[in-house]
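Novice: Structure file work-v3.cif (mmCIF, C-alpha atoms) right here:
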data_upload
loop_
_atom_site.label_atom_id
_atom_site.label_comp_id
_atom_site.auth_asym_id
_atom_site.auth_seq_id
_atom_site.Cartn_x
_atom_site.Cartn_y
_atom_site.Cartn_z
CA MET L 290 -5.61 7.05 62.41
CA LEU L 291 -3.02 8.47 59.99
CA ALA L 292 -1.15 5.16 59.93
CA ALA L 293 -4.36 3.35 58.97
CA ALA L 294 -5.16 5.91 56.24
CA ALA L 295 -1.63 5.90 54.75
CA PRO L 296 -2.24 3.12 52.16
CA THR L 297 -5.40 4.83 50.93
CA LEU L 298 -3.70 8.24 50.76
CA ALA L 299 -0.81 6.73 48.78
CA ILE L 300 -3.28 5.60 46.11
CA LEU L 301 -5.04 8.98 45.94
CA ILE L 302 -2.01 11.25 46.12
CA HIS L 303 0.40 10.97 43.20
CA LEU L 304 3.84 12.19 44.21
CA PRO L 305 6.24 13.21 41.45
CA ASN L 306 8.51 10.46 40.22
CA SER L 307 12.03 11.48 41.15
CA SER L 308 13.37 9.40 38.26
CA GLU L 309 11.37 11.37 35.65
CA LYS L 310 13.80 12.83 33.07
CA PHE L 311 13.05 16.13 31.39
CA SER L 312 14.41 19.52 30.34
CA GLU L 313 13.02 23.00 30.91
CA LEU L 314 13.01 25.92 28.50
CA SER L 315 11.93 29.29 29.87
CA LEU L 316 11.58 32.88 28.72
CA LEU L 317 11.42 35.63 31.34
CA GLY L 318 10.69 39.32 30.93
CA PRO L 319 13.17 42.17 31.45
CA ASN L 320 12.69 42.14 35.25
CA HIS L 321 13.54 38.43 35.47
CA LYS L 322 9.88 37.52 35.99
CA ALA L 323 7.16 35.93 33.87
CA GLU L 324 5.66 39.37 33.23
CA ASP L 325 6.28 42.69 31.45
CA TYR L 326 7.10 41.01 28.15
CA PRO L 327 7.46 43.45 25.25
CA PHE L 328 4.51 43.41 22.84
CA ASN L 329 4.30 46.66 20.86
CA ILE L 330 7.67 46.72 19.12
CA ALA L 331 9.00 49.90 17.53
CA SER L 332 11.67 49.81 14.87
CA ASN L 333 15.27 50.08 16.13
CA ASN L 334 14.35 50.02 19.84
CA ASN L 335 16.12 47.59 22.19
CA TYR L 336 14.14 45.07 24.26
CA SER L 337 15.36 42.61 26.90
CA LEU L 338 14.46 39.04 27.87
CA PHE L 339 16.08 36.12 29.70
CA LEU L 340 16.29 32.66 28.10
CA GLY L 341 16.80 29.69 30.43
CA VAL L 342 17.45 25.96 30.11
CA GLY L 343 17.08 23.56 33.04
CA ASN L 344 18.50 20.03 32.91
CA HIS L 345 16.82 17.15 34.78
CA LEU L 346 17.97 14.36 32.45
CA GLY L 347 20.29 12.60 34.88
CA TYR L 348 23.47 13.55 33.02
CA CYS L 349 25.31 16.63 31.73
CA ALA L 350 23.54 17.58 28.49
CA TYR L 351 24.64 19.49 25.42
CA TYR L 352 21.80 21.73 24.22
CA LEU L 353 21.15 23.71 21.07
CA VAL L 354 18.57 26.51 21.00
CA GLU L 355 17.39 27.54 17.55
CA VAL L 356 16.18 31.14 17.32
CA LYS L 357 13.43 31.57 14.72
CA PHE L 358 10.93 34.21 13.61
CA ARG L 359 7.57 33.76 11.90
CA ASN L 360 4.56 35.73 10.80
CA GLN L 361 1.01 34.55 11.46
CA THR L 362 0.89 32.33 8.35
CA GLN L 363 4.23 30.52 8.73
CA PRO L 364 4.63 27.16 10.50
CA ALA L 365 5.17 27.00 14.24
CA PRO L 366 6.46 23.99 16.18
CA ASN L 367 3.69 21.44 16.64
CA SER L 368 3.21 20.14 20.20
CA PHE L 369 0.66 17.55 19.13
CA ASN L 370 2.92 15.99 16.46
CA ARG L 371 6.07 16.75 18.51
CA THR L 372 7.78 18.40 15.55
CA SER L 373 9.89 21.50 15.21
CA SER L 374 9.06 24.38 12.89
CA SER L 375 10.31 23.92 9.33
CA LEU L 376 11.46 27.55 9.23
CA PRO L 377 15.20 28.18 9.02
CA SER L 378 17.04 29.16 12.15
CA LEU L 379 18.24 32.76 12.33
CA PHE L 380 20.77 31.98 15.04
CA ASN L 381 21.87 29.01 17.14
CA ILE L 382 22.91 29.06 20.78
CA THR L 383 24.69 26.10 22.37
CA ALA L 384 25.35 25.32 26.02
CA PHE L 385 26.40 22.46 28.26
CA VAL L 386 24.16 22.22 31.34
CA ALA L 387 25.09 20.04 34.29
CA ASP L 388 22.54 17.58 35.65
CA GLU L 389 20.09 19.47 37.89
CA GLY L 390 21.70 22.68 36.64
CA THR L 391 20.23 25.76 35.01
CA TRP L 392 21.78 27.90 32.29
CA GLU L 393 20.54 31.40 31.53
CA LEU L 394 21.31 33.95 28.84
CA PRO L 395 20.25 37.60 28.87
CA LEU L 396 18.92 38.60 25.46
CA THR L 397 18.80 42.09 24.00
CA PHE L 398 17.10 42.38 20.63
CA SER L 399 15.78 44.93 18.17
CA PHE L 400 14.13 44.86 14.76
CA ASP L 401 14.62 47.23 11.85
CA PHE L 402 11.43 47.38 9.78
CA GLY L 403 9.24 49.73 7.78
CA TYR L 404 5.56 50.07 7.02
CA ASN L 405 4.47 49.73 3.39
CA GLU L 406 1.26 51.76 3.22
CA THR L 407 0.44 50.67 -0.35
CA LEU L 408 0.48 46.94 0.53
CA THR L 409 -0.64 47.38 4.15
CA GLN L 410 2.26 45.32 5.41
CA VAL L 411 5.41 45.58 7.47
CA ASN L 412 8.68 44.76 5.72
CA LEU L 413 11.44 43.57 8.00
CA PHE L 414 15.02 44.51 7.14
CA SER L 415 17.06 43.06 9.99
CA MET L 416 17.05 41.84 13.56
CA THR L 417 19.83 42.28 16.08
CA LEU L 418 20.20 39.77 18.91
CA ASN L 419 22.96 40.34 21.49
CA ASP L 420 24.88 42.53 19.02
CA VAL L 421 24.64 40.02 16.14
CA SER L 422 22.64 41.27 13.16
CA PHE L 423 20.54 39.02 10.86
CA ASP L 424 19.20 39.81 7.41
CA MET L 425 15.40 39.58 7.42
CA ARG L 426 14.59 41.18 4.06
CA ASN L 427 12.53 38.11 3.05
CA TYR L 428 10.13 38.56 5.99
CA THR L 429 6.86 40.47 5.69
CA ILE L 430 3.92 40.79 8.05
CA VAL L 431 0.43 41.62 6.84
CA TRP L 432 -2.32 43.25 8.85
CA ASP L 433 -4.18 40.80 11.10
CA SER L 434 -7.71 42.24 11.27
CA ARG L 435 -8.84 39.67 13.85
CA ASN L 436 -6.10 40.69 16.30
CA ASN L 437 -5.71 44.29 15.09
CA GLY L 438 -1.98 44.28 14.50
CA PHE L 439 1.07 43.36 12.45
CA LEU L 440 1.96 40.22 14.39
CA GLY L 441 5.28 38.41 14.32
CA SER L 442 6.63 35.75 16.68
CA LEU L 443 10.17 35.35 17.95
CA PHE L 444 10.51 31.81 19.24
CA PHE L 445 13.14 29.43 20.57
CA GLU L 446 13.29 25.66 20.01
CA LEU L 447 15.25 23.33 22.31
CA TRP L 448 17.37 20.57 20.80
CA VAL L 449 19.55 18.10 22.73
CA TYR L 450 22.62 16.24 21.55
CA ASP L 451 21.95 12.55 20.99
CA THR L 452 25.12 10.48 21.41
CA ALA L 453 23.53 7.49 19.63
CA THR L 454 23.13 9.45 16.38
CA SER L 455 25.95 12.00 16.98
CA SER L 456 23.54 14.81 16.17
CA PHE L 457 21.05 17.15 17.78
CA ARG L 458 17.41 16.06 17.93
CA TYR L 459 14.39 18.24 18.62
CA HIS L 460 13.62 17.99 22.34
CA GLU L 461 9.92 18.94 22.02
CA ARG L 462 10.26 22.20 23.91
CA PHE L 463 9.75 25.71 22.56
CA VAL L 464 8.91 29.15 23.92
CA GLY L 465 8.14 32.38 22.14
CA LEU L 466 6.45 35.74 22.13
CA TRP L 467 4.13 37.46 19.70
CA PHE L 468 4.91 41.07 18.87
CA ASN L 469 2.88 43.81 17.24
CA MET L 470 5.30 45.51 14.87
CA THR L 471 4.16 49.13 15.18
CA SER L 472 5.29 51.99 12.96
CA SER L 473 6.30 54.39 15.72
#
Would it be possible to restate this file's structure as structure tokens?

Specialist:
Amino acid sequence: MLAAAAPTLAILIHLPNSSEKFSELSLLGPNHKAEDYPFNIASNNNYSLFLGVGNHLGYCAYYLVEVKFRNQTQPAPNSFNRTSSSLPSLFNITAFVADEGTWELPLTFSFDFGYNETLTQVNLFSMTLNDVSFDMRNYTIVWDSRNNGFLGSLFFELWVYDTATSSFRYHERFVGLWFNMTSS
């Protein structure tokens, strides 16, 4: 009976194509799970995450991860148009990942910011990521009344080295987290 049903089952059940080429980009919380992500961020406190890249391209790949930050009005990567964010990168991370391999980096970060009561906004001064500090004095976050917070997003875009052009190209993968920049 199973032998007779096999051709019909093959049409109905779509098995993954083992020749499908793709990359993974992941962000895990401090306990190495997809949970317990920091949300309410206090100035000068350290928070931890894990950034991962998985390679299923069929060859050893050279990756670039651009670390960016935005407020709720600045451009994010666009999945529909398959474009990266036009915001400048704060920091770049590069890694070679073997075919079928996974690369992971523990991240420790903190923000230094202050609340401007007169303008009802948060002014960022700097961000520290794995002991490297970045000037963020041009970043401000205004009150988001719909979401009841001062929301900023730390996000990571995946780029892959293209040997045909001898440059990195956006690989249409990004991950990120929204934070509420609290005053305490």

Novice: Write out as number ranges by chain the residues lying within 12 Å of Gly318 in chain L, counting all atoms listed in the file and excluding same-chain residues fewer than 5 positions away.

Specialist: L: 323-328, 336-341, 395-397, 465-466

Novice: Compare L:Phe402, L:Met470, L:Phe385, L:Asn370 by their minimum atom-to-atom distance to Asn437 in chain L, counting only C-alpha atoms, and give me the closest one.

Specialist: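 Result for the nearest residue to Asn437 in chain L: L:Met470.
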
Novice: Which of these, L:Phe358, L:Phe457, L:Phe398, L:Phe439, has the shortest distance to Met425 in chain L once you count all atoms listed in the file?

Specialist: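 Under the stated criterion, the closest residue is L:Phe358.
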
Novice: Give me, as a list of chain:residue names, all polymer residues having an atom no more than 9 Å from Asn334 in chain L, counting all atoms listed in the file and skipping those fewer than 2 positions away in the same chain.

Specialist: L:Ile330, L:Ala331, L:Ser332, L:Tyr336, L:Phe398, L:Ser399, L:Phe400, L:Asp401

Novice: Please, could you write that set of residues out with C-alpha atoms as a CSV table (one decimal), in the coordinates of the input?

Specialist:
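So out_38.csv came out as:
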chain,number,residue,atom,x,y,z
L,330,ILE,CA,7.7,46.7,19.1
L,331,ALA,CA,9.0,49.9,17.5
L,332,SER,CA,11.7,49.8,14.9
L,336,TYR,CA,14.1,45.1,24.3
L,398,PHE,CA,17.1,42.4,20.6
L,399,SER,CA,15.8,44.9,18.2
L,400,PHE,CA,14.1,44.9,14.8
L,401,ASP,CA,14.6,47.2,11.8

Novice: For a quick check of understanding, using all atoms listed in the file, which of L:Arg359, L:Asn412, L:Asn344, L:Tyr428 has the smallest distance to Ser374 in chain L?

Specialist: L:Arg359

Novice: Give me the residues near range 347-349 of chain L as a ChimeraX atom specification, where near means some atom within 10 Å (using all atoms listed in the file) and where sequence neighbours in that chain fewer than 5 positions away do not count.

Specialist: /L:308-311,385-390

Novice: Could you check which of L:Ala384, L:Met416, L:Ala453, L:Leu314 is closest to Tyr352 in chain L, using all atoms listed in the file?

Specialist: L:Ala384

Novice: For this structure, which residues satisfy the selection - the PyMOL selection byres ((chain L and resi 445-451) around 10) - when it is evaluated on the file as given? I want them as an MDAnalysis selection string.

Specialist: chainID L and resid 312:316 340 342 350:358 366 373:374 378 380:385 442:444 452:466

Novice: Quick one, how far is CA of Gln363 in chain L from CA of Asp420 in chain L?

Specialist: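 If I compute the distance from CA of Gln363 in chain L to CA of Asp420 in chain L, I get 26.0 Å.
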
Novice: Mind telling me what the PyMOL selection byres ((chain L and resi 429) around 8) catches here, as a list in words?

Specialist: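 With the shown file as input, the PyMOL selection byres ((chain L and resi 429) around 8) matches Asn360, Gln410, Val411, Asn412, Leu413, Arg426, Asn427, Tyr428, Ile430 and Val431 of chain L.
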
Novice: Would you save the residues from that selection as an mmCIF file, keeping the file's coordinate frame, using C-alpha atoms?

Specialist:
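Full text of again16.cif as output:
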data_model
loop_
_atom_site.group_PDB
_atom_site.id
_atom_site.type_symbol
_atom_site.label_atom_id
_atom_site.label_comp_id
_atom_site.auth_asym_id
_atom_site.auth_seq_id
_atom_site.Cartn_x
_atom_site.Cartn_y
_atom_site.Cartn_z
ATOM 1 C CA ASN L 360 4.560 35.730 10.800
ATOM 2 C CA GLN L 410 2.260 45.320 5.410
ATOM 3 C CA VAL L 411 5.410 45.580 7.470
ATOM 4 C CA ASN L 412 8.680 44.760 5.720
ATOM 5 C CA LEU L 413 11.440 43.570 8.000
ATOM 6 C CA ARG L 426 14.590 41.180 4.060
ATOM 7 C CA ASN L 427 12.530 38.110 3.050
ATOM 8 C CA TYR L 428 10.130 38.560 5.990
ATOM 9 C CA ILE L 430 3.920 40.790 8.050
ATOM 10 C CA VAL L 431 0.430 41.620 6.840
#

Novice: Have a look at CA of Asp433 in chain L and CA of Asn469 in chain L and let me know their distance in Å, one decimal.

Specialist: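 These two atoms are separated by 9.8 Å.
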
Novice: So the first atom is CA of Asp424 in chain L and the second is CA of Pro377 in chain L; what is the distance between them in Å, to one decimal place?

Specialist: 12.4 Å

Novice: Which residues come within 12 Å of Ser434 in chain L, counting all atoms listed in the file, excluding same-chain residues fewer than 6 positions away, as a ChimeraX atom specification?

Specialist: /L:361,409-410,440

Novice: Is it possible to get the axis-aligned box enclosing range 311-314 of chain L (all listed atoms, 8 Å extra per side) as AutoDock Vina command-line options, with centre and edge lengths in Å rounded to one decimal?

Specialist:
--center_x 13.7 --center_y 21.0 --center_z 29.9 --size_x 17.4 --size_y 25.8 --size_z 18.9

Novice: Go through L:Pro319, L:Leu408, L:Thr362, L:Gly403 one by one, measure the shortest atom-to-atom distance of each to Thr471 in chain L using all atoms listed in the file, and give the residue with the smallest value.

Specialist: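 Looking at the shortest contact to Thr471 in chain L, the residue is L:Gly403.
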
Novice: Could you write range 352-373 of chain L as an mmCIF file, in the frame of the given file, with N, CA and C atoms rebuilt where they are missing?

Specialist:
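Saved result, out_22.cif, follows:
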data_model
loop_
_atom_site.group_PDB
_atom_site.id
_atom_site.type_symbol
_atom_site.label_atom_id
_atom_site.label_comp_id
_atom_site.auth_asym_id
_atom_site.auth_seq_id
_atom_site.Cartn_x
_atom_site.Cartn_y
_atom_site.Cartn_z
ATOM 1 N N TYR L 352 23.031 21.203 24.801
ATOM 2 C CA TYR L 352 21.800 21.730 24.220
ATOM 3 C C TYR L 352 22.105 22.696 23.075
ATOM 4 N N LEU L 353 21.157 22.747 22.153
ATOM 5 C CA LEU L 353 21.150 23.710 21.070
ATOM 6 C C LEU L 353 19.804 24.414 21.120
ATOM 7 N N VAL L 354 19.811 25.738 21.082
ATOM 8 C CA VAL L 354 18.570 26.510 21.000
ATOM 9 C C VAL L 354 18.558 27.200 19.647
ATOM 10 N N GLU L 355 17.553 26.886 18.848
ATOM 11 C CA GLU L 355 17.390 27.540 17.550
ATOM 12 C C GLU L 355 16.474 28.745 17.715
ATOM 13 N N VAL L 356 16.948 29.903 17.268
ATOM 14 C CA VAL L 356 16.180 31.140 17.320
ATOM 15 C C VAL L 356 15.510 31.324 15.965
ATOM 16 N N LYS L 357 14.180 31.451 15.970
ATOM 17 C CA LYS L 357 13.430 31.570 14.720
ATOM 18 C C LYS L 357 12.415 32.707 14.825
ATOM 19 N N PHE L 358 11.954 33.155 13.672
ATOM 20 C CA PHE L 358 10.930 34.210 13.610
ATOM 21 C C PHE L 358 9.904 33.783 12.561
ATOM 22 N N ARG L 359 8.629 34.090 12.851
ATOM 23 C CA ARG L 359 7.570 33.760 11.900
ATOM 24 C C ARG L 359 6.483 34.815 11.925
ATOM 25 N N ASN L 360 5.769 34.922 10.810
ATOM 26 C CA ASN L 360 4.560 35.730 10.800
ATOM 27 C C ASN L 360 3.381 34.809 11.094
ATOM 28 N N GLN L 361 2.173 35.338 11.044
ATOM 29 C CA GLN L 361 1.010 34.550 11.460
ATOM 30 C C GLN L 361 0.634 33.437 10.494
ATOM 31 N N THR L 362 1.220 33.396 9.304
ATOM 32 C CA THR L 362 0.890 32.330 8.350
ATOM 33 C C THR L 362 1.980 31.262 8.236
ATOM 34 N N GLN L 363 3.122 31.475 8.841
ATOM 35 C CA GLN L 363 4.230 30.520 8.730
ATOM 36 C C GLN L 363 4.146 29.451 9.813
ATOM 37 N N PRO L 364 4.772 28.297 9.573
ATOM 38 C CA PRO L 364 4.630 27.160 10.500
ATOM 39 C C PRO L 364 5.337 27.349 11.839
ATOM 40 N N ALA L 365 4.625 26.992 12.877
ATOM 41 C CA ALA L 365 5.170 27.000 14.240
ATOM 42 C C ALA L 365 5.543 25.560 14.604
ATOM 43 N N PRO L 366 6.280 25.359 15.693
ATOM 44 C CA PRO L 366 6.460 23.990 16.180
ATOM 45 C C PRO L 366 5.094 23.403 16.521
ATOM 46 N N ASN L 367 4.965 22.095 16.413
ATOM 47 C CA ASN L 367 3.690 21.440 16.640
ATOM 48 C C ASN L 367 3.794 20.529 17.863
ATOM 49 N N SER L 368 3.167 20.931 18.969
ATOM 50 C CA SER L 368 3.210 20.140 20.200
ATOM 51 C C SER L 368 2.512 18.805 20.050
ATOM 52 N N PHE L 369 1.425 18.782 19.293
ATOM 53 C CA PHE L 369 0.660 17.550 19.130
ATOM 54 C C PHE L 369 1.472 16.494 18.376
ATOM 55 N N ASN L 370 2.111 16.916 17.263
ATOM 56 C CA ASN L 370 2.920 15.990 16.460
ATOM 57 C C ASN L 370 4.367 15.890 16.943
ATOM 58 N N ARG L 371 4.713 16.726 17.918
ATOM 59 C CA ARG L 371 6.070 16.750 18.510
ATOM 60 C C ARG L 371 7.138 17.042 17.457
ATOM 61 N N THR L 372 6.843 18.028 16.600
ATOM 62 C CA THR L 372 7.780 18.400 15.550
ATOM 63 C C THR L 372 8.190 19.857 15.672
ATOM 64 N N SER L 373 9.399 20.132 15.216
ATOM 65 C CA SER L 373 9.890 21.500 15.210
ATOM 66 C C SER L 373 9.309 22.253 14.027
#
